[in-house]
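Asks: File upload-v1.cif follows (mmCIF, C-alpha atoms):
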data_my_file
#
loop_
_atom_site.group_PDB
_atom_site.id
_atom_site.type_symbol
_atom_site.label_atom_id
_atom_site.label_comp_id
_atom_site.auth_asym_id
_atom_site.auth_seq_id
_atom_site.Cartn_x
_atom_site.Cartn_y
_atom_site.Cartn_z
ATOM 1 C CA MET E 1 94.896 58.826 78.801
ATOM 2 C CA THR E 2 96.935 60.771 81.355
ATOM 3 C CA LYS E 3 96.479 64.426 81.990
ATOM 4 C CA LYS E 4 99.416 66.613 80.986
ATOM 5 C CA GLN E 5 101.071 68.213 84.021
ATOM 6 C CA ARG E 6 101.670 71.942 84.005
ATOM 7 C CA ARG E 7 105.211 73.184 84.255
ATOM 8 C CA ILE E 8 105.917 74.924 87.555
ATOM 9 C CA PRO E 9 107.996 78.091 87.043
ATOM 10 C CA ILE E 10 111.216 78.105 89.086
ATOM 11 C CA ARG E 11 112.894 81.357 90.190
ATOM 12 C CA THR E 12 116.079 82.215 92.126
ATOM 13 C CA CYS E 13 116.272 84.396 95.232
ATOM 14 C CA ILE E 14 118.665 87.294 94.529
ATOM 15 C CA ALA E 15 120.024 87.221 98.093
ATOM 16 C CA CYS E 16 120.636 83.551 98.960
ATOM 17 C CA ARG E 17 120.615 82.189 95.365
ATOM 18 C CA ASP E 18 118.306 79.297 96.342
ATOM 19 C CA THR E 19 115.795 78.210 93.722
ATOM 20 C CA SER E 20 112.136 77.663 94.471
ATOM 21 C CA ASP E 21 108.787 77.747 92.753
ATOM 22 C CA LYS E 22 107.668 81.205 91.719
ATOM 23 C CA ARG E 23 104.674 81.358 94.067
ATOM 24 C CA SER E 24 106.770 80.830 97.202
ATOM 25 C CA LEU E 25 108.979 83.877 96.470
ATOM 26 C CA THR E 26 108.180 87.585 96.649
ATOM 27 C CA ARG E 27 108.696 89.603 93.477
ATOM 28 C CA LEU E 28 110.324 93.014 93.372
ATOM 29 C CA VAL E 29 109.592 95.050 90.270
ATOM 30 C CA ARG E 30 111.236 98.105 88.732
ATOM 31 C CA THR E 31 108.592 100.628 87.682
ATOM 32 C CA PRO E 32 108.726 104.302 86.694
ATOM 33 C CA ASP E 33 107.611 105.000 90.313
ATOM 34 C CA GLY E 34 110.626 103.117 91.704
ATOM 35 C CA ILE E 35 111.172 99.638 93.090
ATOM 36 C CA LEU E 36 108.018 98.094 94.501
ATOM 37 C CA VAL E 37 107.019 94.822 96.121
ATOM 38 C CA ASP E 38 104.698 92.973 93.745
ATOM 39 C CA PRO E 39 102.588 90.504 95.747
ATOM 40 C CA THR E 40 100.634 89.419 92.653
ATOM 41 C CA GLY E 41 103.751 88.783 90.564
ATOM 42 C CA LYS E 42 102.035 90.278 87.521
ATOM 43 C CA ARG E 43 103.022 93.955 87.424
ATOM 44 C CA ASN E 44 104.746 95.233 84.318
ATOM 45 C CA GLY E 45 108.441 95.883 84.639
ATOM 46 C CA ARG E 46 111.715 94.106 85.248
ATOM 47 C CA GLY E 47 111.399 91.714 88.176
ATOM 48 C CA ALA E 48 113.581 89.965 90.726
ATOM 49 C CA TYR E 49 112.668 87.540 93.492
ATOM 50 C CA LEU E 50 113.400 87.261 97.226
ATOM 51 C CA CYS E 51 112.691 84.461 99.692
ATOM 52 C CA ASP E 52 110.292 85.227 102.507
ATOM 53 C CA GLN E 53 113.148 84.737 104.976
ATOM 54 C CA ALA E 54 114.034 87.835 106.978
ATOM 55 C CA ALA E 55 117.766 87.204 106.388
ATOM 56 C CA CYS E 56 117.327 87.540 102.624
ATOM 57 C CA TRP E 57 115.395 90.796 102.977
ATOM 58 C CA GLU E 58 117.999 92.178 105.385
ATOM 59 C CA LYS E 59 120.794 91.265 102.974
ATOM 60 C CA ALA E 60 118.990 92.857 100.027
ATOM 61 C CA THR E 61 118.303 96.100 101.920
ATOM 62 C CA SER E 62 121.768 96.411 103.463
ATOM 63 C CA LYS E 63 123.742 95.437 100.342
ATOM 64 C CA THR E 64 121.784 97.483 97.820
ATOM 65 C CA GLN E 65 124.103 96.399 95.010
ATOM 66 C CA ILE E 66 122.254 93.052 94.984
ATOM 67 C CA VAL E 67 118.979 94.782 94.115
ATOM 68 C CA ALA E 68 120.731 97.195 91.748
ATOM 69 C CA ASN E 69 122.293 94.358 89.733
ATOM 70 C CA ALA E 70 119.102 92.300 89.588
ATOM 71 C CA LEU E 71 116.847 95.159 88.496
ATOM 72 C CA LYS E 72 119.502 97.061 86.505
ATOM 73 C CA THR E 73 118.794 100.316 88.311
ATOM 74 C CA THR E 74 120.111 102.225 91.307
ATOM 75 C CA PRO E 75 117.700 101.993 94.260
ATOM 76 C CA THR E 76 116.779 105.318 95.840
ATOM 77 C CA ALA E 77 116.442 105.892 99.579
ATOM 78 C CA ASP E 78 112.642 105.668 99.162
ATOM 79 C CA ASP E 79 112.995 102.296 97.413
ATOM 80 C CA ILE E 80 115.115 100.889 100.242
ATOM 81 C CA SER E 81 112.695 102.353 102.793
ATOM 82 C CA ARG E 82 109.770 100.535 101.098
ATOM 83 C CA LEU E 83 111.718 97.268 101.109
ATOM 84 C CA ARG E 84 112.647 97.686 104.782
ATOM 85 C CA GLN E 85 108.993 98.361 105.615
ATOM 86 C CA HIS E 86 108.056 95.116 103.889
ATOM 87 C CA LEU E 87 110.797 93.394 105.903
ATOM 88 C CA THR E 88 109.283 94.606 109.186
ATOM 89 C CA ASP E 89 105.873 93.414 107.987
ATOM 90 C CA VAL E 90 107.322 89.958 107.184
ATOM 91 C CA ILE E 91 108.996 89.740 110.596
ATOM 92 C CA ALA E 92 105.793 90.826 112.360
ATOM 93 C CA GLN E 93 103.813 88.223 110.422
ATOM 94 C CA ASP E 94 106.342 85.487 111.284
ATOM 95 C CA ASN E 95 106.163 86.432 114.966
ATOM 96 C CA ALA E 96 102.368 86.400 114.919
ATOM 97 C CA GLU E 97 102.284 82.949 113.278
ATOM 98 C CA GLY E 98 104.858 81.580 115.728
ATOM 99 C CA GLN E 99 102.731 82.373 118.780
#
The structure in this file should be written as structure tokens.
Replies:
Amino acid sequence: MTKKQRRIPIRTCIACRDTSDKRSLTRLVRTPDGILVDPTGKRNGRGAYLCDQAACWEKATSKTQIVANALKTTPTADDISRLRQHLTDVIAQDNAEGQ
């Protein structure tokens, strides 16, 4: 008897539109406190996904309409600031791994 394989959830990056498995993308979530990065992928609220590529994060933070359409809300300056901070953290982590 063969073991039944689990279905791997596939999600789409809102910036580059590439599809990938859910665990390899970073989830953004709309909460009453604003738009937050959800590293666990389990927070309550409407979610959208971004690749861990710096280009996707830059596109999402510079063209805020992408995030607005995906989460059906208008991002505030604080929301964009939080996303840009995460972008700098991602870039710093990539640089540290590359050395």
Asks: Which of these residues is nearest to Thr88 in chain E, using all atoms listed in the file: E:Asn69, E:Thr64, E:Gln53, E:Thr12?
Replies: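 With all atoms listed in the file as the atom set, the closest residue is E:Gln53.
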Asks: Leaving out range 21-30 of chain E and any residue of its chain fewer than 5 positions from it, which residues lie within 7 Å of it when counting only C-alpha atoms, given as a compact mmCIF listing (two decimals) with C-alpha atoms, in the frame of the given file?
Replies:
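Saved as part.txt:
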# COMPACT_ATOMS: atom_id res chain seq x y z
CA ILE E 8 105.92 74.92 87.56
CA PRO E 9 108.00 78.09 87.04
CA ILE E 10 111.22 78.10 89.09
CA ARG E 11 112.89 81.36 90.19
CA ILE E 35 111.17 99.64 93.09
CA LEU E 36 108.02 98.09 94.50
CA VAL E 37 107.02 94.82 96.12
CA ASP E 38 104.70 92.97 93.74
CA PRO E 39 102.59 90.50 95.75
CA GLY E 41 103.75 88.78 90.56
CA GLY E 45 108.44 95.88 84.64
CA ARG E 46 111.72 94.11 85.25
CA GLY E 47 111.40 91.71 88.18
CA ALA E 48 113.58 89.96 90.73
CA TYR E 49 112.67 87.54 93.49
CA LEU E 50 113.40 87.26 97.23
CA CYS E 51 112.69 84.46 99.69
CA ASP E 52 110.29 85.23 102.51
CA LEU E 71 116.85 95.16 88.50
Asks: Let me have the centre and edge lengths in Å, one decimal, of the box along x, y and z around every listed atom of range 79-84 of chain E with 8 Å of margin on each side, as AutoDock Vina command-line options.
Replies:
--center_x 112.4 --center_y 99.8 --center_z 101.1 --size_x 21.3 --size_y 21.1 --size_z 23.4
Asks: For Asp78 in chain E, please output as a list of chain:residue names all residues within 9 Å (counting all atoms listed in the file; exclusion window: fewer than 3 positions along the same chain).
Replies: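 The filter keeps E:Gly34, E:Ile35, E:Pro75, E:Ser81, E:Arg82, E:Leu83.
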Asks: Here is a test: counting all atoms listed in the file, which residue of E:Arg43, E:Asp79, E:Ile14, E:His86 is nearest to Ala60 in chain E?
Replies: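 Comparing E:Arg43, E:Asp79, E:Ile14, E:His86 against Ala60 in chain E, the winner is E:Ile14.
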Asks: Report, in Å with one decimal, the straight-line distance from CA of Ala68 in chain E to CA of Thr31 in chain E.
Replies: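 Here the two named atoms are 13.3 Å from each other.
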Asks: Go ahead and find all residues with at least one atom no further than 12 Å from (121.8, 90.9, 102.0) in the file's coordinates, using only C-alpha atoms; report them as a list in words.
Replies: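 Residues lying no farther than 12 Å from the given point: Cys13, Ile14, Ala15, Cys16, Arg17, Leu50, Cys51, Gln53, Ala54, Ala55, Cys56, Trp57, Glu58, Lys59, Ala60, Thr61, Ser62, Lys63, Thr64, Gln65, Ile66, Val67, Leu83, Arg84 and Leu87 of chain E.
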Asks: Would you compute the distance between CA of Asp33 in chain E and CA of Thr73 in chain E? Give it in Å to one decimal.
Replies: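 Going from CA of Asp33 in chain E over to CA of Thr73 in chain E covers 12.3 Å.
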Asks: For CA of Lys4 in chain E and CA of Ser20 in chain E, quote the distance in Å rounded to one decimal.
Replies: 21.6 Å
Asks: Quick one: range 8-99 of chain E with C-alpha atoms, as a PDB file, in the first residue's frame?
Replies:
ATOM      1  CA  ILE E   8       1.579  21.283  -1.333  1.00  0.00           C
ATOM      2  CA  PRO E   9      -0.180  24.677  -1.300  1.00  0.00           C
ATOM      3  CA  ILE E  10       0.888  26.935  -4.182  1.00  0.00           C
ATOM      4  CA  ARG E  11       0.728  30.746  -3.928  1.00  0.00           C
ATOM      5  CA  THR E  12       1.509  33.633  -6.311  1.00  0.00           C
ATOM      6  CA  CYS E  13       3.862  36.531  -5.595  1.00  0.00           C
ATOM      7  CA  ILE E  14       1.905  39.795  -5.952  1.00  0.00           C
ATOM      8  CA  ALA E  15       4.904  41.592  -7.477  1.00  0.00           C
ATOM      9  CA  CYS E  16       6.409  39.216 -10.063  1.00  0.00           C
ATOM     10  CA  ARG E  17       3.364  36.899 -10.429  1.00  0.00           C
ATOM     11  CA  ASP E  18       5.554  33.772 -10.167  1.00  0.00           C
ATOM     12  CA  THR E  19       4.009  30.796  -8.402  1.00  0.00           C
ATOM     13  CA  SER E  20       5.795  28.832  -5.719  1.00  0.00           C
ATOM     14  CA  ASP E  21       5.041  26.699  -2.710  1.00  0.00           C
ATOM     15  CA  LYS E  22       3.563  28.602   0.200  1.00  0.00           C
ATOM     16  CA  ARG E  23       6.510  28.062   2.551  1.00  0.00           C
ATOM     17  CA  SER E  24       9.021  29.704   0.206  1.00  0.00           C
ATOM     18  CA  LEU E  25       7.050  32.990   0.087  1.00  0.00           C
ATOM     19  CA  THR E  26       6.565  35.657   2.746  1.00  0.00           C
ATOM     20  CA  ARG E  27       2.990  36.472   3.722  1.00  0.00           C
ATOM     21  CA  LEU E  28       1.673  39.981   4.223  1.00  0.00           C
ATOM     22  CA  VAL E  29      -1.514  40.229   6.243  1.00  0.00           C
ATOM     23  CA  ARG E  30      -4.095  42.977   6.679  1.00  0.00           C
ATOM     24  CA  THR E  31      -4.972  43.379  10.357  1.00  0.00           C
ATOM     25  CA  PRO E  32      -6.787  46.080  12.334  1.00  0.00           C
ATOM     26  CA  ASP E  33      -3.267  47.318  13.286  1.00  0.00           C
ATOM     27  CA  GLY E  34      -2.315  47.727   9.613  1.00  0.00           C
ATOM     28  CA  ILE E  35      -0.352  45.646   7.134  1.00  0.00           C
ATOM     29  CA  LEU E  36       2.154  43.344   8.790  1.00  0.00           C
ATOM     30  CA  VAL E  37       4.693  40.761   7.691  1.00  0.00           C
ATOM     31  CA  ASP E  38       3.504  37.345   8.859  1.00  0.00           C
ATOM     32  CA  PRO E  39       6.504  35.000   9.084  1.00  0.00           C
ATOM     33  CA  THR E  40       4.369  32.137  10.432  1.00  0.00           C
ATOM     34  CA  GLY E  41       1.745  32.434   7.691  1.00  0.00           C
ATOM     35  CA  LYS E  42      -1.005  31.788  10.233  1.00  0.00           C
ATOM     36  CA  ARG E  43      -2.208  35.204  11.413  1.00  0.00           C
ATOM     37  CA  ASN E  44      -5.865  36.029  10.974  1.00  0.00           C
ATOM     38  CA  GLY E  45      -6.682  38.453   8.210  1.00  0.00           C
ATOM     39  CA  ARG E  46      -6.556  38.811   4.455  1.00  0.00           C
ATOM     40  CA  GLY E  47      -3.174  37.708   3.134  1.00  0.00           C
ATOM     41  CA  ALA E  48      -0.950  38.210   0.113  1.00  0.00           C
ATOM     42  CA  TYR E  49       2.444  36.737  -0.712  1.00  0.00           C
ATOM     43  CA  LEU E  50       5.815  38.121  -1.843  1.00  0.00           C
ATOM     44  CA  CYS E  51       8.961  36.343  -3.012  1.00  0.00           C
ATOM     45  CA  ASP E  52      12.049  36.743  -0.872  1.00  0.00           C
ATOM     46  CA  GLN E  53      13.729  38.561  -3.765  1.00  0.00           C
ATOM     47  CA  ALA E  54      14.652  42.165  -3.022  1.00  0.00           C
ATOM     48  CA  ALA E  55      13.270  43.267  -6.420  1.00  0.00           C
ATOM     49  CA  CYS E  56       9.780  42.062  -5.500  1.00  0.00           C
ATOM     50  CA  TRP E  57       9.860  43.873  -2.158  1.00  0.00           C
ATOM     51  CA  GLU E  58      11.114  47.061  -3.819  1.00  0.00           C
ATOM     52  CA  LYS E  59       8.337  46.869  -6.409  1.00  0.00           C
ATOM     53  CA  ALA E  60       5.678  46.291  -3.749  1.00  0.00           C
ATOM     54  CA  THR E  61       6.877  49.212  -1.605  1.00  0.00           C
ATOM     55  CA  SER E  62       7.344  51.661  -4.479  1.00  0.00           C
ATOM     56  CA  LYS E  63       4.130  50.785  -6.347  1.00  0.00           C
ATOM     57  CA  THR E  64       1.805  50.641  -3.356  1.00  0.00           C
ATOM     58  CA  GLN E  65      -1.183  49.947  -5.602  1.00  0.00           C
ATOM     59  CA  ILE E  66       0.054  46.338  -5.871  1.00  0.00           C
ATOM     60  CA  VAL E  67      -0.305  45.855  -2.114  1.00  0.00           C
ATOM     61  CA  ALA E  68      -3.542  47.859  -2.035  1.00  0.00           C
ATOM     62  CA  ASN E  69      -5.179  45.650  -4.678  1.00  0.00           C
ATOM     63  CA  ALA E  70      -4.002  42.392  -3.116  1.00  0.00           C
ATOM     64  CA  LEU E  71      -5.099  43.240   0.423  1.00  0.00           C
ATOM     65  CA  LYS E  72      -8.101  45.396  -0.565  1.00  0.00           C
ATOM     66  CA  THR E  73      -6.980  48.286   1.612  1.00  0.00           C
ATOM     67  CA  THR E  74      -4.961  51.472   1.253  1.00  0.00           C
ATOM     68  CA  PRO E  75      -1.510  51.108   2.848  1.00  0.00           C
ATOM     69  CA  THR E  76      -0.561  53.876   5.263  1.00  0.00           C
ATOM     70  CA  ALA E  77       2.896  55.431   5.487  1.00  0.00           C
ATOM     71  CA  ASP E  78       3.551  53.267   8.578  1.00  0.00           C
ATOM     72  CA  ASP E  79       2.604  50.129   6.628  1.00  0.00           C
ATOM     73  CA  ILE E  80       5.026  50.970   3.817  1.00  0.00           C
ATOM     74  CA  SER E  81       7.709  51.835   6.378  1.00  0.00           C
ATOM     75  CA  ARG E  82       7.309  48.379   8.001  1.00  0.00           C
ATOM     76  CA  LEU E  83       7.568  46.690   4.603  1.00  0.00           C
ATOM     77  CA  ARG E  84      10.670  48.710   3.693  1.00  0.00           C
ATOM     78  CA  GLN E  85      12.249  47.764   7.026  1.00  0.00           C
ATOM     79  CA  HIS E  86      11.631  44.109   6.218  1.00  0.00           C
ATOM     80  CA  LEU E  87      13.201  44.724   2.799  1.00  0.00           C
ATOM     81  CA  THR E  88      16.390  46.070   4.396  1.00  0.00           C
ATOM     82  CA  ASP E  89      16.436  43.052   6.713  1.00  0.00           C
ATOM     83  CA  VAL E  90      16.107  40.694   3.710  1.00  0.00           C
ATOM     84  CA  ILE E  91      18.917  42.475   1.859  1.00  0.00           C
ATOM     85  CA  ALA E  92      21.155  42.390   4.947  1.00  0.00           C
ATOM     86  CA  GLN E  93      20.462  38.677   5.379  1.00  0.00           C
ATOM     87  CA  ASP E  94      21.244  37.984   1.700  1.00  0.00           C
ATOM     88  CA  ASN E  95      24.520  39.896   1.999  1.00  0.00           C
ATOM     89  CA  ALA E  96      25.476  38.014   5.153  1.00  0.00           C
ATOM     90  CA  GLU E  97      24.762  34.636   3.514  1.00  0.00           C
ATOM     91  CA  GLY E  98      26.702  35.601   0.383  1.00  0.00           C
ATOM     92  CA  GLN E  99      29.934  36.234   2.286  1.00  0.00           C
TER      93      GLN E  99
END
